[in-house]
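Asks: Structure provided below as structure tokens; questions to follow.
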Amino acid sequence: LNILCPPQVKGTVVWIVENGTEVKKGDVVCVLEDVGLIESCERLTLDLESAYAELEKLQASHQLEYALLEAQVKNNEAEAILAASDSLQMLYMSPMERRTKELQLERANIERDRLLKKMEATKVMQEMDMVRAEKRIIRIERRLDDERKKLESFTLRAPKDGIAVRGKQWPWSDVTWNVGDQVWEGRIVVTLPDFEQLKVLFYAQETEYKRLHL
């Protein structure tokens, strides 16, 4: 049974099991490392922390902006109430004074409508800002999750019990993988031989050949 370097993986061997080691299912037989992938995970982790900080900052800014608008609306309502309270006195005012009060009340109503529309538009814009910020966080989380899963695949484990044998770097070579070697996808890193069928190659003196029993 061959344990291969996973797809889309290229890394450096930082640890590999010794030849002839008895391993159990799930034991680590080789650890690979990709400096670029590690740096990518670290960068995405920082990006995610920054995105959450920006989201909190955005929420605080929105709350302050909306609170200021609410304060303006309340102030406008107070002015409108004050202008309306003078309506009885308008009966005793001169035409010029009466017109001035009417204009004040009209301005208060216009300002109220303007502020209410601004509050509604601000709420919509703030919701859009929040959606964009949250989508950015989701994108970063997905990318980070993918990179972490890929990083986990750099730890190769035995799929069953057996005796571990280091794989050959090339089919025609007897050189096996060692710490510091570059490994890429599809290469046989470790083998768990099937001992139910063995082929043994050994050398014996001609004088000893007749005494061999298989």
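In the structure tokens, chains take the letters A, B, ... in the order shown, each chain's residues start at 1, and ligands count up from 1 in the order shown.
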So which residues touch range 25-30 of chain A within 12 Å, counting only C-alpha atoms, skipping near sequence neighbours fewer than 2 positions away, as number ranges by chain?
Replies: A: 2-6, 11-23, 32-33, 152-167, 177-181, 183, 188-192
Asks: Using only C-alpha atoms, determine which residues lie at most 9 Å from Glu134 in chain A, disregarding the query and same-chain residues fewer than 3 positions distant; provide the list as an MDAnalysis selection string.
Replies: chainID A and resid 51:52 55 129:131 137:139
Asks: What's the separation between CA of Leu1 in chain A and CA of Asp194 in chain A, in Å to one decimal place?
Replies: 7.2 Å
Asks: Which one of A:Val175, A:Leu105, A:Ala80, A:Leu144 sits closest to Glu42 in chain A if you count only C-alpha atoms?
Replies: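 Among A:Val175, A:Leu105, A:Ala80, A:Leu144, it is A:Leu144 that comes nearest to Glu42 in chain A.
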Asks: Mind giving me the straight-line distance from CA of Leu64 in chain A to CA of Glu120 in chain A in Å, one decimal?
Replies: 15.3 Å
